[in-house]
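What follows is one structure encoded as structure tokens, with my remarks underneath.
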Protein chains: 2
Amino acid sequence: MSTRRAATLRLQDVAEAAGVSIATASRSLSGSPGVSETVAERVREVASTLGYVANVHARSLAGGPTRTVGLVVHEIGDPYFSEIASGLLGVGAREGLTVQICHTGRDPERELAQLRMLIANRVGAIVIAGSGLVDPSLQAPAKAELQTFRRAGGRVAVIGRHHLGVDAVLPDNVEGARAVARHLLDLGHRRVAVAAGSRQLTTVADRLAGLQQAFADAGLDFAAVPVVETDFTRAGGKAAAEQILAEHPGVTAVLALNDDMAIGVLSALRARGVSVPREVSVTGFDDVAVAGDLAPSLTTVRLPMGEMGEQALVLALKKPGTRPRRRHVDAELVVRDSSGPPPS
Amino acid sequence: MSTRRAATLRLQDVAEAAGVSIATASRSLSGSPGVSETVAERVREVASTLGYVANVHARSLAGGPTRTVGLVVHEIGDPYFSEIASGLLGVGAREGLTVQICHTGRDPERELAQLRMLIANRVGAIVIAGSGLVDPSLQAPAKAELQTFRRAGGRVAVIGRHHLGVDAVLPDNVEGARAVARHLLDLGHRRVAVAAGSRQLTTVADRLAGLQQAFADAGLDFAAVPVVETDFTRAGGKAAAEQILAEHPGVTAVLALNDDMAIGVLSALRARGVSVPREVSVTGFDDVAVAGDLAPSLTTVRLPMGEMGEQALVLALKKPGTRPRRRHVDAELVVRDSSGPPPS
DNA sequence: ACAGTACCCGAAAGCGCTTACGAAAGCGCT
DNA sequence: AGCGCTTTCGTAAGCGCTTTCGGGTACTGT
């Protein structure tokens with residue numbers, strides 16, 4: 001991309017048109033004190049009739065507040081992340097912010113690199129959705145970078161994890177998982193299996209804890225339940241289903257810990273000719289947009305992903321607190337057609 | 001977001017460490033001529049061991065090449081767009097570019113506003129996926145903005161449309177549509193209906209043209225085929241299906257012009273107790289990730305969306321030609337379970 | 001009437017980078 | 001040796017903005 005000199009108006013043009021100095025113009029437009037309201041109003045009016053838009057680069061270079069935020073996700077093509085991004089872009093647009101999206105392809109090294117890039121780009125805030133930084137050798141430097149970023153005035157929020165020591169918006173994973181598990185247990189299922197992503201993720205740990213609680217509530221032993229650990233993708237779900245079918249043939253219900261995996265499970269079962277929910281019930285987690293349109297439609301736990309994206313940005317925009325804050329959003333059981341009583 | 005002074009290293013630090021002036025350092029790092037290769041190499045080495053990262057804002061302010069590109073989509077939550085974004089982010093990361101994503105919620109006014117914002121932000125290139133700028137009263141100013149943007153050295157590419165007079169990457173909509181239609185006609189379907197998005201979109205026009213060709217090839221009259229025009233969403237598909245069921249009860253196949261609509265059609269048919277494909281065949285267009293996991297899995301036309309995102313960025317990055325270029329990608333029929341012979 | 005105070009506003013110094021422009025140095029040639 | 005040429009590098013002038021600092025103006029109190 002080539003060098004060029006923009007042909008747009010500068011602050012000076014506005015200042016001249018309003019009959020003030022560029023200092024007052026700047027103050028008026030950015031709402032700084034030290035300008036009488038009458039003058040400020042006039043400048044704003046002139047600026048808007050002229051169609052003036054501040055040069056973000058100059059502003060940020062001069063040390064002004066940065067109106068751009070970075071969003072890092074595993075894979076923007078995944079509905080879970082794209083719906084979060086959608087919510088976040090919504091409030092971003094409303095607030096006049098620009099959003100830089102990076103995706104890491106689930107590679108922690110790339111995640112760290114992207115964080116560094118965002119920081120180097122002087123974004124004002126960073127929102128991390130689905131961090132894969134679990135390995136201490138990468139998590140430690142990431143934490144350090146984020147800390148110095150915050151000390152320099154940057155804002156950080158994480159979605160769905162709580163392992164980086166920063167503000168977080170968290171779905172109620174424990175309660176949601178407990179609800180699905182109870183649902184299946186109430187239906188009479190006793191031989192269930194779990195298809196999970198990496199246990200190193202706090203998400204997985206929390207959801208497993210919820211399952212465990214439901215089992216405990218029913219006086220059952222969760223330790224006997226097979227938990228197959230692959231990863232949070234469709235392929236991971238397929239693999240998990242194959243393994244469950246092979247190693248635990250009597251299972252009547254598969255609890256997938258996210259919808260992508262559940263979709264994989266469904267397709268693996270279909271390929272094997274196993275009928276859902278007559279022979280095996282399947283549940284998911286997230287309630288991505290297609291969950292209701294699958295056949296059978298998927299029983300799952302609804303997370304308000306768009307809202308999580310919004311809240312994360314709102315949280316990041318607020319004045320930083322001294323200690324990390326957590327905002328919780330509800331996780332709600334949605335019963336559809338993929339779950340039913342076990343075969344008798 | 002607050003004011004702050006970054007505590008990172010500047011070009012001057014690198015220059016001192018390498019024992020050269022900042023001018024030479026700058027030239028070395030940005031690959032400008034006028035520096036001996038030995039010196040340049042040394043500077044680059046020093047920079048990388050120091051972990052120096054140039055300040056994008058300073059660079060862009062000083063008139064250097066802008067390493068950021070803007071992507072505007074209708075709705076990042078839609079799989080079609082998020083998969084395009086995914087491909088584009090991939091090459092973006094590889095090229096060391098940062099990507100700003102805007103979504104317009106299908107609102108042409110917001111689309112224009114976002115375009116203006118990107119231009120004001122001095123991005124180096126703009127990629128538009130799915131423009132809704134069809135109304136002349138908005139399209140004209142948009143074209144004008146884009147033209148001056150290009151004259152100033154900016155690059156522009158459009159995905160899937162060819163109405164803005166700029167470089168475009170286009171799937172072979174005509175051929176793809178022709179292939180699905182032929183598929184259904186070969187199966188013996190004669191009473192078909194089409195569920196389409198707005199006819200003002202070139203996408204729709206092209207796909208309808210393809211259908212028409214297939215009908216002509218078979219010696220049939222396409223004019224007799226009902227085309228229900230709602231919009232390219234799941235809800236639009238549902239509405240279209242309801243209408244088709246009500247007004248054309250004898251239909252044995254519904255051709256949806258994208259997968260989102262097809263999913264809506266499937267769910268409407270399921271709600272009505274209509275069996276697919278036994279009673280009615282359904283086809284889509286795009287082949288989004290879930291298309292193969294639906295039940296029945298969806299017969300559709302595969303567009304390489306990730307590749308389209310990549311190609312668009314590659315196209316935008318190339319030296320601008322004098323005339324708008326077009327790059328075509330293939331559209332390939334994927335036959336799955338949602339299509340079959342009509343009931344006899 | 002005058003000093004003291006508060007309030008606005010303008011001049012100017014950068015933010016970190018790119019890039020004219022000019023100086024210095026090396027070369028072959030007369 | 002001296003000339004002009006090319007090549008390599010440094011000096012310095014901005015890019016458009018924010019912000020400190022100081023000067024003006026209009027008040028207040030005595």
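Within each chain, counting starts at residue 1; across the structure tokens, chains are named A, B, ... in the order shown, with ligands numbered 1 upward in that order.
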
Contact table chain A vs chain C, cut-off 9 Å, shortest pair per residue, only C-alpha atoms (C1' of nucleotides), as CSV:
residue,atom,partner,partner_atom,distance
A:Val20,CA,C:DC9,C1',8.5
A:Ser21,CA,C:DG10,C1',6.2
A:Ile22,CA,C:DG10,C1',8.5
A:Ala23,CA,C:DG10,C1',7.1
A:Thr24,CA,C:DC9,C1',6.9
A:Gly34,CA,C:DC8,C1',6.5
A:Val35,CA,C:DC8,C1',6.3
A:Ser36,CA,C:DC8,C1',7.1
A:Ala58,CA,C:DC15,C1',8.5
A:Ser60,CA,C:DC15,C1',8.4
A:Leu61,CA,C:DC15,C1',5.0
A:Ala62,CA,C:DC15,C1',4.6
A:Gly63,CA,C:DC15,C1',6.6

Legend entry - Residues of chain B within 6 Å of chain A, only C-alpha atoms counted, as an MDAnalysis selection string: chainID B and resid 1:4 56:57 61 63:65 76:77 82:83 86 99:100 121 124 152:153 294:295

Inset, instruction - Would you kindly return, as a PyMOL selection string, each protein, DNA or RNA residue with an atom no farther than 10 Å from any atom of range 272-284 of chain B, considering only C-alpha atoms (C1' of nucleotides) and excluding same-chain residues fewer than 6 positions away? - result: chain B and resi 177+180-181+183-184+189+192-195+242+245+250-263+265-266+291+295-302+333-344

Inset, instruction - Show me which bits of chain D are within 10 Å of chain A, counting only C-alpha atoms (C1' of nucleotides), as number ranges by chain. - result: D: 15-19

How would the residues just chosen look if you wrote them out with N, CA, C and O atoms (P, O5', C5', C4', C3', O3' and C1' of nucleotides) as a PDB file, in the first residue's frame?
ATOM      1  P    DC D  15       3.054  19.708   7.165  1.00  0.00           P
ATOM      2  O5'  DC D  15       2.456  18.275   7.492  1.00  0.00           O
ATOM      3  C5'  DC D  15       2.403  17.246   6.516  1.00  0.00           C
ATOM      4  C4'  DC D  15       1.950  15.986   7.206  1.00  0.00           C
ATOM      5  C3'  DC D  15       0.791  16.199   8.176  1.00  0.00           C
ATOM      6  O3'  DC D  15      -0.427  15.867   7.515  1.00  0.00           O
ATOM      7  C1'  DC D  15       2.544  14.817   9.146  1.00  0.00           C
ATOM      8  P    DG D  16      -1.568  17.001   7.398  1.00  0.00           P
ATOM      9  O5'  DG D  16      -2.312  16.889   8.788  1.00  0.00           O
ATOM     10  C5'  DG D  16      -2.925  15.662   9.136  1.00  0.00           C
ATOM     11  C4'  DG D  16      -3.183  15.637  10.619  1.00  0.00           C
ATOM     12  C3'  DG D  16      -4.042  16.786  11.146  1.00  0.00           C
ATOM     13  O3'  DG D  16      -5.045  16.225  11.969  1.00  0.00           O
ATOM     14  C1'  DG D  16      -2.093  16.599  12.425  1.00  0.00           C
ATOM     15  P    DC D  17      -6.179  17.086  12.640  1.00  0.00           P
ATOM     16  O5'  DC D  17      -5.750  17.006  14.174  1.00  0.00           O
ATOM     17  C5'  DC D  17      -5.998  15.826  14.892  1.00  0.00           C
ATOM     18  C4'  DC D  17      -5.019  15.674  16.019  1.00  0.00           C
ATOM     19  C3'  DC D  17      -5.349  16.462  17.274  1.00  0.00           C
ATOM     20  O3'  DC D  17      -6.143  15.627  18.119  1.00  0.00           O
ATOM     21  C1'  DC D  17      -3.009  16.501  16.773  1.00  0.00           C
ATOM     22  P    DT D  18      -6.881  16.289  19.372  1.00  0.00           P
ATOM     23  O5'  DT D  18      -5.698  16.341  20.441  1.00  0.00           O
ATOM     24  C5'  DT D  18      -5.262  15.124  21.029  1.00  0.00           C
ATOM     25  C4'  DT D  18      -4.176  15.423  22.048  1.00  0.00           C
ATOM     26  C3'  DT D  18      -4.639  16.157  23.301  1.00  0.00           C
ATOM     27  O3'  DT D  18      -4.002  15.549  24.414  1.00  0.00           O
ATOM     28  C1'  DT D  18      -2.878  17.346  22.288  1.00  0.00           C
ATOM     29  P    DT D  19      -4.562  15.825  25.880  1.00  0.00           P
ATOM     30  O5'  DT D  19      -3.463  16.815  26.474  1.00  0.00           O
ATOM     31  C5'  DT D  19      -2.093  16.566  26.165  1.00  0.00           C
ATOM     32  C4'  DT D  19      -1.232  17.725  26.636  1.00  0.00           C
ATOM     33  C3'  DT D  19      -1.833  18.556  27.788  1.00  0.00           C
ATOM     34  O3'  DT D  19      -0.782  18.912  28.654  1.00  0.00           O
ATOM     35  C1'  DT D  19      -1.331  19.962  25.998  1.00  0.00           C
TER      36       DT D  19
END

Inset, instruction - Would you kindly return, as number ranges by chain, each protein, DNA or RNA residue with an atom no farther than 9 Å from any atom of Arg323 in chain A, considering only C-alpha atoms (C1' of nucleotides) and excluding same-chain residues fewer than 4 positions away? - result: A: 165-167

Inset, instruction - Work out how far apart CA of Val329 in chain B and CA of Arg207 in chain B are and give it in Å to one decimal. - result: 14.7 Å

Legend entry - Distance of CA of Ser131 in chain A from CA of Thr233 in chain A, expressed in Å to one decimal place: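 It comes out at 15.0 Å.
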
Inset, instruction - Do a neighbour search on range 225-231 of chain B at 9 Å with only C-alpha atoms (C1' of nucleotides), toss out local chain neighbours closer than 3 positions, and write the hits as a PyMOL selection string. - result: chain B and resi 191-199+221-222+234-237+239-241+243-244+248+261

Take the residues that were just selected and, keeping C-alpha atoms, output them as a short mmCIF file (atom, residue, chain, number, x, y, z; two decimals), in the first residue's frame.
data_model
loop_
_atom_site.label_atom_id
_atom_site.label_comp_id
_atom_site.auth_asym_id
_atom_site.auth_seq_id
_atom_site.Cartn_x
_atom_site.Cartn_y
_atom_site.Cartn_z
CA ARG B 191 -42.71 -27.71 -10.16
CA VAL B 192 -40.06 -25.74 -8.37
CA ALA B 193 -40.01 -22.43 -6.54
CA VAL B 194 -37.18 -20.05 -5.74
CA ALA B 195 -36.52 -18.34 -2.42
CA ALA B 196 -34.44 -15.26 -3.20
CA GLY B 197 -32.97 -12.23 -1.53
CA SER B 198 -33.49 -8.77 -2.91
CA ARG B 199 -33.44 -8.70 -6.69
CA ASP B 221 -39.82 -21.90 -19.33
CA PHE B 222 -38.30 -20.23 -16.28
CA ARG B 234 -32.97 -17.55 8.06
CA ALA B 235 -36.12 -15.60 8.81
CA GLY B 236 -36.37 -14.66 5.16
CA GLY B 237 -36.16 -18.34 4.25
CA ALA B 239 -41.16 -16.50 5.32
CA ALA B 240 -40.47 -17.54 1.76
CA ALA B 241 -41.29 -21.16 2.55
CA GLN B 243 -45.54 -18.21 1.19
CA ILE B 244 -44.57 -20.92 -1.26
CA HIS B 248 -47.98 -22.96 -4.71
CA MET B 261 -32.49 -19.10 3.59
#

Inset, instruction - Would you please extract all helix (DSSP H, G or I) residues from range 201-267 of chain A, as assigned by DSSP on the backbone, and give them as a VMD selection string? - result: chain A and resid 202 to 217 222 to 224 234 to 247 259 to 267

Store the residues picked out above, limited to C-alpha atoms, as a PDB file, in the first residue's frame.
ATOM      1  CA  THR A 202     -11.319 -22.837  33.073  1.00  0.00           C
ATOM      2  CA  THR A 203     -14.462 -23.145  30.982  1.00  0.00           C
ATOM      3  CA  VAL A 204     -14.153 -26.888  30.929  1.00  0.00           C
ATOM      4  CA  ALA A 205     -13.280 -27.084  34.594  1.00  0.00           C
ATOM      5  CA  ASP A 206     -16.289 -24.981  35.536  1.00  0.00           C
ATOM      6  CA  ARG A 207     -18.702 -26.935  33.391  1.00  0.00           C
ATOM      7  CA  LEU A 208     -17.428 -30.219  34.701  1.00  0.00           C
ATOM      8  CA  ALA A 209     -17.883 -28.877  38.214  1.00  0.00           C
ATOM      9  CA  GLY A 210     -21.496 -28.092  37.386  1.00  0.00           C
ATOM     10  CA  LEU A 211     -22.058 -31.605  36.095  1.00  0.00           C
ATOM     11  CA  GLN A 212     -20.503 -33.006  39.194  1.00  0.00           C
ATOM     12  CA  GLN A 213     -22.845 -30.963  41.369  1.00  0.00           C
ATOM     13  CA  ALA A 214     -25.889 -32.251  39.545  1.00  0.00           C
ATOM     14  CA  PHE A 215     -24.712 -35.781  40.027  1.00  0.00           C
ATOM     15  CA  ALA A 216     -24.054 -35.133  43.686  1.00  0.00           C
ATOM     16  CA  ASP A 217     -27.509 -33.603  44.050  1.00  0.00           C
ATOM     17  CA  PHE A 222     -19.650 -38.377  38.799  1.00  0.00           C
ATOM     18  CA  ALA A 223     -16.253 -40.003  38.975  1.00  0.00           C
ATOM     19  CA  ALA A 224     -17.643 -43.024  37.169  1.00  0.00           C
ATOM     20  CA  ARG A 234     -16.838 -30.150  15.274  1.00  0.00           C
ATOM     21  CA  ALA A 235     -14.019 -32.555  14.497  1.00  0.00           C
ATOM     22  CA  GLY A 236     -13.332 -32.878  18.196  1.00  0.00           C
ATOM     23  CA  GLY A 237     -16.969 -33.820  18.742  1.00  0.00           C
ATOM     24  CA  LYS A 238     -16.820 -36.464  16.066  1.00  0.00           C
ATOM     25  CA  ALA A 239     -13.686 -37.955  17.506  1.00  0.00           C
ATOM     26  CA  ALA A 240     -15.146 -37.945  20.994  1.00  0.00           C
ATOM     27  CA  ALA A 241     -18.306 -39.651  19.791  1.00  0.00           C
ATOM     28  CA  GLU A 242     -16.347 -42.371  18.006  1.00  0.00           C
ATOM     29  CA  GLN A 243     -14.352 -43.010  21.119  1.00  0.00           C
ATOM     30  CA  ILE A 244     -17.417 -43.099  23.344  1.00  0.00           C
ATOM     31  CA  LEU A 245     -19.205 -45.474  21.011  1.00  0.00           C
ATOM     32  CA  ALA A 246     -16.202 -47.759  20.960  1.00  0.00           C
ATOM     33  CA  GLU A 247     -15.299 -47.751  24.614  1.00  0.00           C
ATOM     34  CA  ASP A 259     -22.420 -26.821  20.512  1.00  0.00           C
ATOM     35  CA  ASP A 260     -19.710 -27.319  17.942  1.00  0.00           C
ATOM     36  CA  MET A 261     -18.779 -30.574  19.588  1.00  0.00           C
ATOM     37  CA  ALA A 262     -22.453 -31.509  19.892  1.00  0.00           C
ATOM     38  CA  ILE A 263     -22.886 -31.002  16.152  1.00  0.00           C
ATOM     39  CA  GLY A 264     -19.909 -33.277  15.575  1.00  0.00           C
ATOM     40  CA  VAL A 265     -21.384 -35.850  17.921  1.00  0.00           C
ATOM     41  CA  LEU A 266     -24.714 -35.730  16.127  1.00  0.00           C
ATOM     42  CA  SER A 267     -23.103 -36.236  12.768  1.00  0.00           C
TER      43      SER A 267
END

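Interatomic distance, CA of Val156 in chain A to CA of Gly51 in chain B: 22.5 Å.
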
Inset, instruction - Please give the complete set of residues from range 202-268 of chain A that DSSP, run on the backbone, assigns to strand (DSSP E or B), formatted as a PyMOL selection string. - result: chain A and resi 227-229+253-256
